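Source file: coords31.txt; contents: compact mmCIF, C-alpha atoms (C1' of nucleotides).
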# COMPACT_ATOMS: atom_id res chain seq x y z
CA MET S 30 11.67 7.24 -17.35
CA ASN S 31 14.69 5.29 -16.11
CA TYR S 32 14.85 1.74 -14.82
CA ASP S 33 14.21 2.54 -11.17
CA GLU S 34 11.28 4.80 -11.91
CA ALA S 35 9.78 2.19 -14.19
CA LYS S 36 10.29 -0.58 -11.68
CA ASN S 37 8.70 1.43 -8.87
CA LYS S 38 5.82 2.44 -11.06
CA PHE S 39 5.18 -1.15 -12.03
CA ILE S 40 5.38 -2.44 -8.44
CA SER S 41 3.11 0.23 -7.02
CA THR S 42 0.60 -0.09 -9.85
CA TRP S 43 0.44 -3.82 -9.31
CA GLY S 44 -0.06 -3.26 -5.58
CA ALA S 45 -2.87 -0.77 -6.15
CA LEU S 46 -4.59 -3.02 -8.68
CA GLY S 47 -4.34 -5.94 -6.28
CA THR S 48 -6.01 -3.91 -3.53
CA LEU S 49 -8.89 -3.15 -5.87
CA TRP S 50 -9.37 -6.88 -6.45
CA GLY S 51 -9.19 -7.92 -2.82
CA ILE S 52 -5.51 -8.88 -2.75
CA ASN S 53 -3.37 -7.24 -0.14
CA LYS S 54 -0.80 -4.72 -1.20
CA ALA S 55 2.26 -6.49 0.17
CA MET S 56 1.28 -9.74 -1.53
CA ALA S 57 0.74 -8.07 -4.89
CA GLN S 58 3.98 -6.10 -4.61
CA ILE S 59 6.06 -9.13 -3.68
CA HIS S 60 4.61 -10.85 -6.68
CA ALA S 61 5.37 -7.91 -8.96
CA LEU S 62 8.94 -7.75 -7.69
CA LEU S 63 9.58 -11.43 -8.30
CA LEU S 64 7.94 -11.27 -11.70
CA ILE S 65 10.47 -8.77 -13.04
CA SER S 66 13.48 -10.04 -11.17
CA PRO S 67 15.85 -12.01 -13.42
CA GLU S 68 17.27 -13.79 -10.36
CA PRO S 69 15.54 -15.53 -7.46
CA LEU S 70 15.37 -13.29 -4.36
CA SER S 71 15.87 -14.08 -0.70
CA MET S 72 13.59 -12.93 2.07
CA GLU S 73 16.13 -10.27 2.99
CA ASP S 74 16.18 -8.98 -0.59
CA ILE S 75 12.41 -8.65 -0.62
CA MET S 76 12.21 -6.98 2.81
CA GLU S 77 14.89 -4.52 1.80
CA GLU S 78 13.41 -3.71 -1.59
CA LEU S 79 9.81 -3.24 -0.43
CA GLN S 80 10.56 -2.01 3.09
CA ILE S 81 8.35 -4.53 4.82
CA SER S 82 8.90 -6.67 7.90
CA ARG S 83 10.14 -10.21 8.05
CA GLY S 84 6.82 -11.57 9.33
CA ASN S 85 4.83 -9.85 6.64
CA THR S 86 7.16 -11.11 3.94
CA SER S 87 7.05 -14.65 5.26
CA MET S 88 3.26 -14.80 5.48
CA ASN S 89 2.66 -13.32 2.06
CA LEU S 90 5.24 -15.53 0.38
CA ARG S 91 3.44 -18.48 1.84
CA GLN S 92 0.14 -17.29 0.41
CA LEU S 93 1.69 -16.76 -3.00
CA MET S 94 3.03 -20.30 -2.87
CA ASP S 95 -0.45 -21.55 -1.88
CA TRP S 96 -1.76 -19.87 -5.00
CA GLY S 97 0.84 -21.81 -6.98
CA ILE S 98 2.46 -18.75 -8.55
CA VAL S 99 5.63 -18.40 -6.46
CA PHE S 100 8.18 -21.13 -5.80
CA LYS S 101 10.96 -21.79 -3.35
CA GLU S 102 14.36 -22.36 -4.82
CA ASN S 103 17.59 -23.47 -3.21
CA LYS S 104 20.96 -22.28 -4.34
CA MET S 105 23.56 -25.00 -3.95
CA GLY S 106 25.81 -24.58 -0.98
CA GLU S 107 23.49 -21.97 0.53
CA ARG S 108 21.20 -22.42 3.44
CA LYS S 109 19.01 -19.43 2.67
CA GLU S 110 15.81 -19.89 0.69
CA TYR S 111 15.23 -18.06 -2.54
CA PHE S 112 11.96 -17.29 -4.29
CA THR S 113 10.89 -16.98 -7.91
CA SER S 114 7.58 -16.29 -9.54
CA GLU S 115 5.97 -18.11 -12.41
CA LYS S 116 7.35 -16.08 -15.32
CA ASP S 117 5.03 -17.15 -18.11
CA VAL S 118 2.06 -14.77 -17.90
CA GLN S 119 -0.17 -17.21 -19.75
CA GLU S 120 0.56 -19.87 -17.16
CA LEU S 121 0.16 -17.27 -14.41
CA ALA S 122 -3.33 -16.38 -15.65
CA ARG S 123 -4.22 -20.06 -15.94
CA GLN S 124 -3.16 -20.73 -12.37
CA ILE S 125 -5.01 -17.72 -10.94
CA ALA S 126 -8.15 -18.57 -12.90
CA LYS S 127 -7.98 -22.16 -11.69
CA GLU S 128 -7.58 -21.15 -8.05
CA ARG S 129 -10.29 -18.51 -8.10
CA SER S 130 -12.61 -21.01 -9.70
CA ARG S 131 -11.85 -23.58 -7.03
CA ARG S 132 -12.00 -21.24 -4.05
CA GLU S 133 -14.75 -18.83 -5.00
CA LEU S 134 -16.71 -19.69 -8.09
CA LYS S 135 -17.40 -23.37 -7.43
CA PRO S 136 -18.67 -22.80 -3.85
CA THR S 137 -20.86 -19.95 -5.07
CA ILE S 138 -22.28 -22.09 -7.86
CA LYS S 139 -23.18 -24.72 -5.30
CA ILE S 140 -25.08 -22.22 -3.16
CA LEU S 141 -26.85 -20.66 -6.14
CA ASN S 142 -27.94 -24.13 -7.10
CA ASP S 143 -29.26 -24.89 -3.61
CA VAL S 144 -31.11 -21.59 -3.37
CA SER S 145 -32.65 -21.89 -6.82
CA LYS S 146 -34.06 -25.30 -5.89
CA ILE S 147 -36.42 -24.08 -3.15
CA GLN S 148 -40.06 -24.99 -3.42
CA GLU S 149 -42.03 -22.69 -5.73
CA ASP S 150 -45.09 -21.41 -3.85
CA GLY S 151 -46.61 -19.08 -6.40
CA THR S 152 -45.74 -15.86 -4.57
CA ALA S 153 -44.01 -13.16 -6.60
CA LYS S 154 -41.02 -13.02 -4.27
CA THR S 155 -40.35 -16.75 -4.45
CA THR S 156 -40.74 -16.75 -8.21
CA GLU S 157 -38.28 -13.89 -8.52
CA LEU S 158 -35.71 -15.46 -6.19
CA ILE S 159 -35.81 -18.70 -8.14
CA LYS S 160 -35.64 -16.96 -11.49
CA GLN S 161 -32.70 -14.75 -10.60
CA THR S 162 -30.64 -17.36 -8.81
CA LYS S 163 -31.18 -19.72 -11.74
CA ALA S 164 -29.96 -17.07 -14.16
CA LEU S 165 -26.92 -16.33 -12.00
CA HIS S 166 -26.22 -20.03 -11.67
CA GLU S 167 -26.19 -20.47 -15.40
CA MET S 168 -23.94 -17.48 -15.91
CA ALA S 169 -21.52 -18.57 -13.18
CA ASP S 170 -21.37 -22.00 -14.75
CA THR S 171 -20.45 -20.51 -18.12
CA LEU S 172 -17.82 -18.30 -16.53
CA ASP S 173 -16.38 -21.28 -14.70
CA ILE S 174 -16.02 -23.21 -17.93
CA LEU S 175 -14.41 -20.26 -19.66
CA MET S 176 -11.98 -19.72 -16.81
CA ASN S 177 -10.90 -23.33 -16.67
CA LYS S 178 -10.90 -24.14 -20.35
CA VAL S 179 -10.24 -21.06 -22.44
CA VAL S 180 -7.56 -19.50 -20.28
CA GLY S 181 -5.97 -22.90 -19.74
CA GLN S 182 -5.96 -23.98 -23.36
CA ASP S 183 -2.66 -25.04 -24.91
CA HIS S 184 -0.88 -21.95 -26.07
CA ASN S 185 -4.11 -20.17 -25.86
CA TRP S 186 -5.01 -20.49 -29.53
CA ILE S 187 -8.72 -20.24 -28.91
CA THR S 188 -8.40 -16.88 -27.25
CA LYS S 189 -6.30 -15.54 -30.10
CA ALA S 190 -8.67 -16.84 -32.74
CA LEU S 191 -11.61 -15.41 -30.87
CA VAL S 192 -10.05 -12.00 -30.50
CA LYS S 193 -9.26 -11.87 -34.21
CA LEU S 194 -12.81 -12.89 -34.99
CA ILE S 195 -14.54 -10.18 -33.03
CA LYS S 196 -12.03 -7.37 -32.61
CA MET U 28 -34.95 -24.57 2.89
CA ASN U 29 -37.81 -22.06 3.00
CA TYR U 30 -38.04 -18.67 1.32
CA ASP U 31 -36.50 -16.65 4.15
CA GLU U 32 -33.61 -19.03 4.63
CA ALA U 33 -32.93 -19.03 0.91
CA LYS U 34 -33.13 -15.26 0.68
CA ASN U 35 -30.74 -14.79 3.60
CA LYS U 36 -28.35 -17.34 2.24
CA PHE U 37 -28.31 -15.63 -1.12
CA ILE U 38 -27.81 -12.15 0.33
CA SER U 39 -25.04 -13.17 2.67
CA THR U 40 -23.27 -15.23 0.00
CA TRP U 41 -23.37 -12.30 -2.38
CA GLY U 42 -21.97 -10.05 0.35
CA ALA U 43 -19.13 -12.44 1.15
CA LEU U 44 -18.28 -12.89 -2.51
CA GLY U 45 -18.25 -9.13 -3.01
CA THR U 46 -15.84 -8.69 -0.11
CA LEU U 47 -13.49 -11.19 -1.74
CA TRP U 48 -13.52 -9.09 -4.91
CA GLY U 49 -12.96 -5.74 -3.25
CA ILE U 50 -16.61 -4.69 -3.08
CA ASN U 51 -17.93 -3.73 0.31
CA LYS U 52 -20.42 -5.96 2.00
CA ALA U 53 -23.25 -3.46 2.33
CA MET U 54 -23.03 -2.55 -1.36
CA ALA U 55 -23.08 -6.18 -2.47
CA GLN U 56 -25.96 -6.99 -0.13
CA ILE U 57 -28.07 -4.04 -1.22
CA HIS U 58 -27.54 -5.16 -4.77
CA ALA U 59 -28.48 -8.76 -3.95
CA LEU U 60 -31.61 -7.61 -2.19
CA LEU U 61 -32.75 -5.45 -5.09
CA LEU U 62 -31.93 -8.18 -7.58
CA ILE U 63 -34.42 -10.60 -6.07
CA SER U 64 -37.04 -8.09 -5.08
CA PRO U 65 -40.05 -8.13 -7.42
CA GLU U 66 -40.91 -4.58 -6.36
CA PRO U 67 -38.75 -1.45 -6.11
CA LEU U 68 -37.66 -0.80 -2.51
CA SER U 69 -37.39 2.44 -0.56
CA MET U 70 -34.43 3.42 1.55
CA GLU U 71 -36.40 2.50 4.66
CA ASP U 72 -37.14 -0.95 3.26
CA ILE U 73 -33.45 -1.57 2.61
CA MET U 74 -32.32 -0.26 6.01
CA GLU U 75 -34.87 -2.43 7.72
CA GLU U 76 -34.14 -5.56 5.75
CA LEU U 77 -30.35 -5.40 6.02
CA GLN U 78 -30.14 -3.65 9.39
CA ILE U 79 -27.86 -0.87 8.19
CA SER U 80 -27.90 2.87 8.81
CA ARG U 81 -29.43 5.54 6.65
CA GLY U 82 -26.08 7.07 5.73
CA ASN U 83 -24.59 3.75 4.74
CA THR U 84 -27.62 2.92 2.61
CA SER U 85 -27.57 6.28 0.89
CA MET U 86 -23.86 6.17 0.03
CA ASN U 87 -23.90 2.62 -1.26
CA LEU U 88 -27.01 3.19 -3.34
CA ARG U 89 -25.24 6.09 -4.95
CA GLN U 90 -22.24 3.93 -5.78
CA LEU U 91 -24.48 1.26 -7.26
CA MET U 92 -26.09 3.92 -9.42
CA ASP U 93 -22.62 5.13 -10.48
CA TRP U 94 -21.90 1.59 -11.60
CA GLY U 95 -25.06 1.77 -13.68
CA ILE U 96 -26.67 -1.31 -12.15
CA VAL U 97 -29.22 0.27 -9.81
CA PHE U 98 -31.82 2.87 -10.74
CA LYS U 99 -34.04 5.35 -8.98
CA GLU U 100 -37.72 5.01 -9.55
CA ASN U 101 -40.61 7.23 -8.54
CA LYS U 102 -44.01 5.92 -7.65
CA MET U 103 -46.73 8.31 -8.73
CA GLY U 104 -48.19 10.36 -5.96
CA GLU U 105 -45.31 9.44 -3.64
CA ARG U 106 -42.49 11.64 -2.58
CA LYS U 107 -40.24 8.82 -1.44
CA GLU U 108 -37.63 7.43 -3.82
CA TYR U 109 -37.61 3.78 -4.77
CA PHE U 110 -34.76 1.70 -6.13
CA THR U 111 -34.51 -1.24 -8.52
CA SER U 112 -31.61 -3.21 -9.86
CA GLU U 113 -30.90 -4.18 -13.43
CA LYS U 114 -32.65 -7.53 -13.54
CA ASP U 115 -31.15 -9.03 -16.68
CA VAL U 116 -27.99 -10.80 -15.49
CA GLN U 117 -26.49 -10.67 -18.99
CA GLU U 118 -26.86 -6.92 -19.03
CA LEU U 119 -25.60 -6.76 -15.45
CA ALA U 120 -22.42 -8.59 -16.41
CA ARG U 121 -21.99 -6.38 -19.45
CA GLN U 122 -22.26 -3.24 -17.36
CA ILE U 123 -19.85 -4.46 -14.68
CA ALA U 124 -17.33 -5.59 -17.29
CA LYS U 125 -17.59 -2.25 -19.04
CA GLU U 126 -17.03 -0.28 -15.84
CA ARG U 127 -14.15 -2.41 -14.58
CA SER U 128 -12.53 -2.06 -17.97
CA ARG U 129 -12.90 1.70 -17.89
CA ARG U 130 -11.86 2.21 -14.28
CA GLU U 131 -9.16 -0.38 -13.79
CA LEU U 132 -8.05 -2.22 -16.89
CA LYS U 133 -7.59 0.71 -19.26
CA PRO U 134 -5.49 2.78 -16.79
CA THR U 135 -3.36 -0.28 -16.04
CA ILE U 136 -2.82 -0.95 -19.73
CA LYS U 137 -1.63 2.60 -20.16
CA ILE U 138 0.93 2.24 -17.39
CA LEU U 139 2.13 -1.15 -18.61
CA ASN U 140 2.64 0.43 -21.98
CA ASP U 141 4.63 3.33 -20.55
CA VAL U 142 6.80 1.06 -18.43
CA SER U 143 7.48 -1.38 -21.26
CA LYS U 144 8.72 1.50 -23.41
CA ILE U 145 11.76 2.41 -21.28
CA GLN U 146 15.14 2.44 -22.94
CA GLU U 147 16.75 -0.98 -23.25
CA ASP U 148 20.25 -0.81 -21.78
CA GLY U 149 21.38 -4.39 -22.14
CA THR U 150 21.25 -5.23 -18.41
CA ALA U 151 19.38 -8.36 -17.40
CA LYS U 152 17.04 -6.48 -15.09
CA THR U 153 15.98 -3.98 -17.74
CA THR U 154 15.51 -6.72 -20.31
CA GLU U 155 13.32 -8.67 -17.89
CA LEU U 156 11.23 -5.65 -16.91
CA ILE U 157 10.54 -4.84 -20.55
CA LYS U 158 9.79 -8.43 -21.46
CA GLN U 159 7.37 -9.01 -18.59
CA THR U 160 5.52 -5.72 -18.84
CA LYS U 161 5.13 -6.26 -22.58
CA ALA U 162 3.68 -9.71 -21.97
CA LEU U 163 1.29 -8.35 -19.34
CA HIS U 164 0.33 -5.51 -21.64
CA GLU U 165 -0.60 -7.89 -24.40
CA MET U 166 -2.60 -10.07 -22.05
CA ALA U 167 -4.44 -7.12 -20.51
CA ASP U 168 -5.29 -5.89 -23.99
CA THR U 169 -6.79 -9.24 -24.90
CA LEU U 170 -8.75 -9.36 -21.67
CA ASP U 171 -10.03 -5.85 -22.30
CA ILE U 172 -11.30 -6.82 -25.73
CA LEU U 173 -12.96 -9.93 -24.36
CA MET U 174 -14.63 -8.02 -21.55
CA ASN U 175 -15.99 -5.34 -23.84
CA LYS U 176 -16.91 -7.47 -26.81
CA VAL U 177 -17.71 -11.01 -25.77
CA VAL U 178 -19.69 -10.23 -22.66
CA GLY U 179 -21.43 -7.39 -24.42
CA GLN U 180 -22.37 -9.30 -27.54
CA ASP U 181 -26.04 -9.34 -28.53
CA HIS U 182 -27.72 -12.10 -26.63
CA ASN U 183 -24.34 -13.53 -25.97
CA TRP U 184 -24.37 -16.02 -28.83
CA ILE U 185 -20.60 -16.14 -29.12
CA THR U 186 -20.17 -17.21 -25.53
CA LYS U 187 -22.75 -19.94 -25.91
CA ALA U 188 -21.19 -21.24 -29.13
CA LEU U 189 -17.77 -21.18 -27.55
CA VAL U 190 -18.87 -23.05 -24.47
CA LYS U 191 -20.49 -25.74 -26.58
CA LEU U 192 -17.34 -26.02 -28.63
CA ILE U 193 -14.94 -26.61 -25.77
CA LYS U 194 -16.98 -27.95 -22.88
C1' DT N 23 -42.51 31.38 3.57
C1' DT N 24 -43.00 27.80 6.45
C1' DA N 25 -42.96 23.32 7.54
C1' DA N 26 -42.93 18.54 6.73
C1' DA N 27 -40.90 14.62 4.36
C1' DC N 28 -37.23 12.93 2.81
C1' DT N 29 -32.01 12.56 1.30
C1' DT N 30 -27.17 13.61 1.56
C1' DT N 31 -22.97 14.67 3.81
C1' DC N 32 -19.26 14.02 6.82
C1' DA N 33 -16.76 13.89 11.29
C1' DA N 34 -16.35 10.57 14.70
C1' DA N 35 -16.53 5.67 16.15
C1' DA N 36 -16.28 0.95 15.17
C1' DA N 37 -14.78 -2.91 12.70
C1' DA N 38 -11.88 -5.24 9.71
C1' DT N 39 -7.47 -5.95 7.84
C1' DA N 40 -2.59 -5.63 7.48
C1' DT N 41 1.87 -5.15 9.66
C1' DT N 42 5.37 -5.50 13.02
C1' DG N 43 8.85 -7.66 15.81
C1' DA N 44 10.40 -10.68 18.97
C1' DA N 45 9.99 -15.33 20.77
C1' DA N 46 9.54 -20.02 19.31
C1' DC N 47 10.73 -23.12 16.14
C1' DT N 48 13.54 -25.74 12.52
C1' DT N 49 17.52 -27.31 10.28
C1' DA N 50 22.20 -28.21 9.39
C1' DA N 51 26.99 -28.01 10.57
C1' DT N 52 30.53 -28.59 14.03
C1' DA W 7 24.62 -31.83 22.08
C1' DT W 8 25.38 -27.22 20.95
C1' DT W 9 25.21 -23.44 18.23
C1' DA W 10 24.38 -20.59 14.39
C1' DA W 11 21.57 -19.41 10.42
C1' DG W 12 17.53 -19.08 9.02
C1' DT W 13 12.07 -19.26 9.06
C1' DT W 14 7.50 -19.15 11.10
C1' DT W 15 4.09 -17.81 14.29
C1' DC W 16 1.18 -14.75 16.67
C1' DA W 17 -0.16 -11.19 20.14
C1' DA W 18 0.09 -6.43 20.00
C1' DT W 19 -0.18 -2.33 17.17
C1' DA W 20 -1.10 0.44 13.26
C1' DT W 21 -3.61 1.38 9.26
C1' DT W 22 -7.42 1.30 6.33
C1' DT W 23 -12.08 0.77 5.47
C1' DT W 24 -16.73 0.80 6.75
C1' DT W 25 -20.47 2.37 9.37
C1' DT W 26 -23.08 5.41 12.13
C1' DG W 27 -26.07 9.23 13.24
C1' DA W 28 -27.07 13.76 13.54
C1' DA W 29 -26.79 18.19 11.22
C1' DA W 30 -27.27 20.33 6.87
C1' DG W 31 -29.49 20.25 2.59
C1' DT W 32 -33.38 19.67 -0.72
C1' DT W 33 -37.91 19.43 -2.46
C1' DT W 34 -42.76 19.71 -2.39
C1' DA W 35 -47.13 21.18 -0.71
C1' DA W 36 -50.02 24.11 1.90
Can you dump the structure from the file as structure tokens?
Amino acid sequence: MNYDEAKNKFISTWGALGTLWGINKAMAQIHALLLISPEPLSMEDIMEELQISRGNTSMNLRQLMDWGIVFKENKMGERKEYFTSEKDVQELARQIAKERSRRELKPTIKILNDVSKIQEDGTAKTTELIKQTKALHEMADTLDILMNKVVGQDHNWITKALVKLIK
Amino acid sequence: MNYDEAKNKFISTWGALGTLWGINKAMAQIHALLLISPEPLSMEDIMEELQISRGNTSMNLRQLMDWGIVFKENKMGERKEYFTSEKDVQELARQIAKERSRRELKPTIKILNDVSKIQEDGTAKTTELIKQTKALHEMADTLDILMNKVVGQDHNWITKALVKLIK
DNA sequence: TTAAACTTTCAAAAAATATTGAAACTTAAT
DNA sequence: ATTAAGTTTCAATATTTTTTGAAAGTTTAA
């Protein structure tokens, strides 16, 4: 496998995996491209490389910046904008975990909490709803802590220790 | 909030969350419904409750069974098939983690490994591709171990201890 | 073996999502 | 103030995904 084959394989794999996790293909591919690019890339570079339109590129770059994993960069003396990705995969994971917690997990936890607090009335269906939403609430809470603390820990020593412990 | 409001809120939240994670709405909602139902439900019950077609119900139930989180049940003397969900959320998480590892993580790890093994040629772009895919490979490996071991641990004592430790 | 009860399949339709491209907008230099 | 270089927006279009519903299939009982 030569460089170009490997690069294409990586970019398309990343795109496919993204799709599976609810992230659109263009967004995942732009991210993959920036992640392995030693130099910042311009919008033109990205459009050219991935064969996507200007509008698509612009919108998805914005989203990646909203996620805090892609940054604008300016080359001195140049008007054009360049883009780089967060290169440290540990930091990348931390950022994604933090954002998914904020956008998805925390709101869900809130709703599970509300639902689990309805008035018990002794019927089987109410009992079951309360029981299950309580259990999910507790699990989501644990997951939230893990996502924000473990992944975000300094140099990730806890994770490493843990893996050694149970491997 | 009364029972029906709470039930609807739970089902629609679960559906929306599923969508965000690449799981279709009907599938997530069927699962939510079964999760809080004290009794097994027939296909008719599900169609009625969620207002979806027979074909849709049938296909999504099959997928849920493929994931190993919904089961067929037969009531004695009845021809109709009934369905229940795994009710233990710990076991549910274990099963989902196991399946996502098998279907998505393991194949990705394989490809990251292949890509990271290309011949170094001293160019910056090759060096970067190798470095980044190696880093992702290592991280995916760790995640895979955590998903299969930690979540699957007997009664989840490790997770609980860990959460106490770092909360 | 026939028929009734029920489930699955799958082509067509609908809905949701992603993409394009050109006009509108912004910024900086002359 | 004008223009040129570049970016963003968004209505229209294309693509993908989901859903429907009816025909085909299966199973059980008479």
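Comparing the minimum interatomic distances between W:DG27 and each of U:Met54, U:Phe37, U:Asn83, U:Leu44, counting all atoms listed in the file, we find that U:Asn83 sits nearest.
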Please build the interface table for chain U against chain S with a cut-off of 6 Å, listing for each qualifying residue the nearest atom pair and the distance in Å to one decimal; count all atoms listed in the file, order rows by chain and increasing number, and write it as a tab-separated table.
residue	atom	partner	partner_atom	distance
U:Ala33	CA	S:Val144	CA	5.3
U:Leu47	CA	S:Gly51	CA	5.5
U:Trp48	CA	S:Trp50	CA	4.9
U:Gly49	CA	S:Gly51	CA	4.4
U:Ile63	CA	S:Leu158	CA	5.0
U:Pro65	CA	S:Lys154	CA	5.9
U:Val142	CA	S:Ala35	CA	5.3
U:Lys152	CA	S:Pro67	CA	5.9
U:Glu155	CA	S:Ile65	CA	5.6
U:Leu156	CA	S:Ile65	CA	5.0
Please produce a file of those selected residues containing C-alpha atoms, as a PDB file, in the frame of the given file.
ATOM      1  CA  ALA U  33     -32.930 -19.030   0.910  1.00  0.00           C
ATOM      2  CA  LEU U  47     -13.490 -11.190  -1.740  1.00  0.00           C
ATOM      3  CA  TRP U  48     -13.520  -9.090  -4.910  1.00  0.00           C
ATOM      4  CA  GLY U  49     -12.960  -5.740  -3.250  1.00  0.00           C
ATOM      5  CA  ILE U  63     -34.420 -10.600  -6.070  1.00  0.00           C
ATOM      6  CA  PRO U  65     -40.050  -8.130  -7.420  1.00  0.00           C
ATOM      7  CA  VAL U 142       6.800   1.060 -18.430  1.00  0.00           C
ATOM      8  CA  LYS U 152      17.040  -6.480 -15.090  1.00  0.00           C
ATOM      9  CA  GLU U 155      13.320  -8.670 -17.890  1.00  0.00           C
ATOM     10  CA  LEU U 156      11.230  -5.650 -16.910  1.00  0.00           C
TER      11      LEU U 156
END
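Within 8 Å of chain N, and using all atoms listed in the file, the residues found on chain S are S:Asn53, S:Ser82, S:Gly84, S:Asn85.
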Just to confirm, what's the straight-line distance from atom CA of S:Ser114 to atom C1' of W:DC16 in Å (one decimal)? 27.0 Å
Pairwise distance for atom CA of U:Ser39 and atom CA of U:Ala55, rounded to one decimal in Å: 8.9 Å
Sorted by chain and rising residue number, which residues of chain W lie within 12 Å of chain S, and what are their closest atom pairs and distances in Å to one decimal, counting all atoms listed in the file, as CSV?
residue,atom,partner,partner_atom,distance
W:DA10,C1',S:Arg108,CA,11.5
W:DA11,C1',S:Arg108,CA,7.6
W:DG12,C1',S:Lys109,CA,6.5
W:DT13,C1',S:Ser87,CA,7.8
W:DT14,C1',S:Ser87,CA,7.4
W:DT15,C1',S:Gly84,CA,8.4
W:DC16,C1',S:Gly84,CA,9.8
W:DT22,C1',S:Thr48,CA,11.2
W:DT23,C1',S:Thr48,CA,11.8
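Coordinates place atom CA of S:Tyr111 at a distance of 12.6 Å from atom CA of S:Arg91.
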Draw an axis-aligned box tight on the listed atoms of stretch 95-101 of chain S, then pad every side by 6 Å and write out centre and edge lengths in Å to one decimal as lines of an AutoDock Vina configuration file.
center_x = 4.6
center_y = -20.1
center_z = -5.2
size_x = 24.7
size_y = 15.4
size_z = 18.7
In file coordinates, which residues lie within 10 Å of (-25.1, -4.2, 6.0) using all atoms listed in the file, given as a ChimeraX atom specification? /U:39,42,51-57,73-74,76-80,83-84 /W:24-25
Mind completing stretch 76-90 of chain U with N, CA and C atoms? Output as an mmCIF file, in the frame of the given file, please?
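Contents of out37.cif, freshly written:
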data_model
loop_
_atom_site.group_PDB
_atom_site.id
_atom_site.type_symbol
_atom_site.label_atom_id
_atom_site.label_comp_id
_atom_site.auth_asym_id
_atom_site.auth_seq_id
_atom_site.Cartn_x
_atom_site.Cartn_y
_atom_site.Cartn_z
ATOM 1 N N GLU U 76 -34.442 -4.180 6.164
ATOM 2 C CA GLU U 76 -34.140 -5.560 5.750
ATOM 3 C C GLU U 76 -32.701 -5.960 6.081
ATOM 4 N N LEU U 77 -31.758 -5.052 5.831
ATOM 5 C CA LEU U 77 -30.350 -5.400 6.020
ATOM 6 C C LEU U 77 -29.781 -4.893 7.338
ATOM 7 N N GLN U 78 -30.607 -4.172 8.099
ATOM 8 C CA GLN U 78 -30.140 -3.650 9.390
ATOM 9 C C GLN U 78 -28.898 -2.770 9.234
ATOM 10 N N ILE U 79 -28.973 -1.805 8.338
ATOM 11 C CA ILE U 79 -27.860 -0.870 8.190
ATOM 12 C C ILE U 79 -28.392 0.556 8.281
ATOM 13 N N SER U 80 -27.490 1.485 8.556
ATOM 14 C CA SER U 80 -27.900 2.870 8.810
ATOM 15 C C SER U 80 -28.306 3.602 7.536
ATOM 16 N N ARG U 81 -28.970 4.727 7.765
ATOM 17 C CA ARG U 81 -29.430 5.540 6.650
ATOM 18 C C ARG U 81 -28.265 6.034 5.786
ATOM 19 N N GLY U 82 -27.221 6.537 6.465
ATOM 20 C CA GLY U 82 -26.080 7.070 5.730
ATOM 21 C C GLY U 82 -25.409 6.011 4.858
ATOM 22 N N ASN U 83 -25.210 4.871 5.452
ATOM 23 C CA ASN U 83 -24.590 3.750 4.740
ATOM 24 C C ASN U 83 -25.425 3.383 3.504
ATOM 25 N N THR U 84 -26.723 3.260 3.704
ATOM 26 C CA THR U 84 -27.620 2.920 2.610
ATOM 27 C C THR U 84 -27.546 3.954 1.485
ATOM 28 N N SER U 85 -27.591 5.203 1.882
ATOM 29 C CA SER U 85 -27.570 6.280 0.890
ATOM 30 C C SER U 85 -26.288 6.262 0.058
ATOM 31 N N MET U 86 -25.137 6.150 0.758
ATOM 32 C CA MET U 86 -23.860 6.170 0.030
ATOM 33 C C MET U 86 -23.703 4.973 -0.901
ATOM 34 N N ASN U 87 -24.080 3.804 -0.420
ATOM 35 C CA ASN U 87 -23.900 2.620 -1.260
ATOM 36 C C ASN U 87 -24.869 2.577 -2.426
ATOM 37 N N LEU U 88 -26.083 3.104 -2.215
ATOM 38 C CA LEU U 88 -27.010 3.190 -3.340
ATOM 39 C C LEU U 88 -26.435 4.101 -4.417
ATOM 40 N N ARG U 89 -25.825 5.188 -3.963
ATOM 41 C CA ARG U 89 -25.240 6.090 -4.950
ATOM 42 C C ARG U 89 -24.154 5.386 -5.763
ATOM 43 N N GLN U 90 -23.292 4.651 -5.066
ATOM 44 C CA GLN U 90 -22.240 3.930 -5.780
ATOM 45 C C GLN U 90 -22.815 2.929 -6.779
#
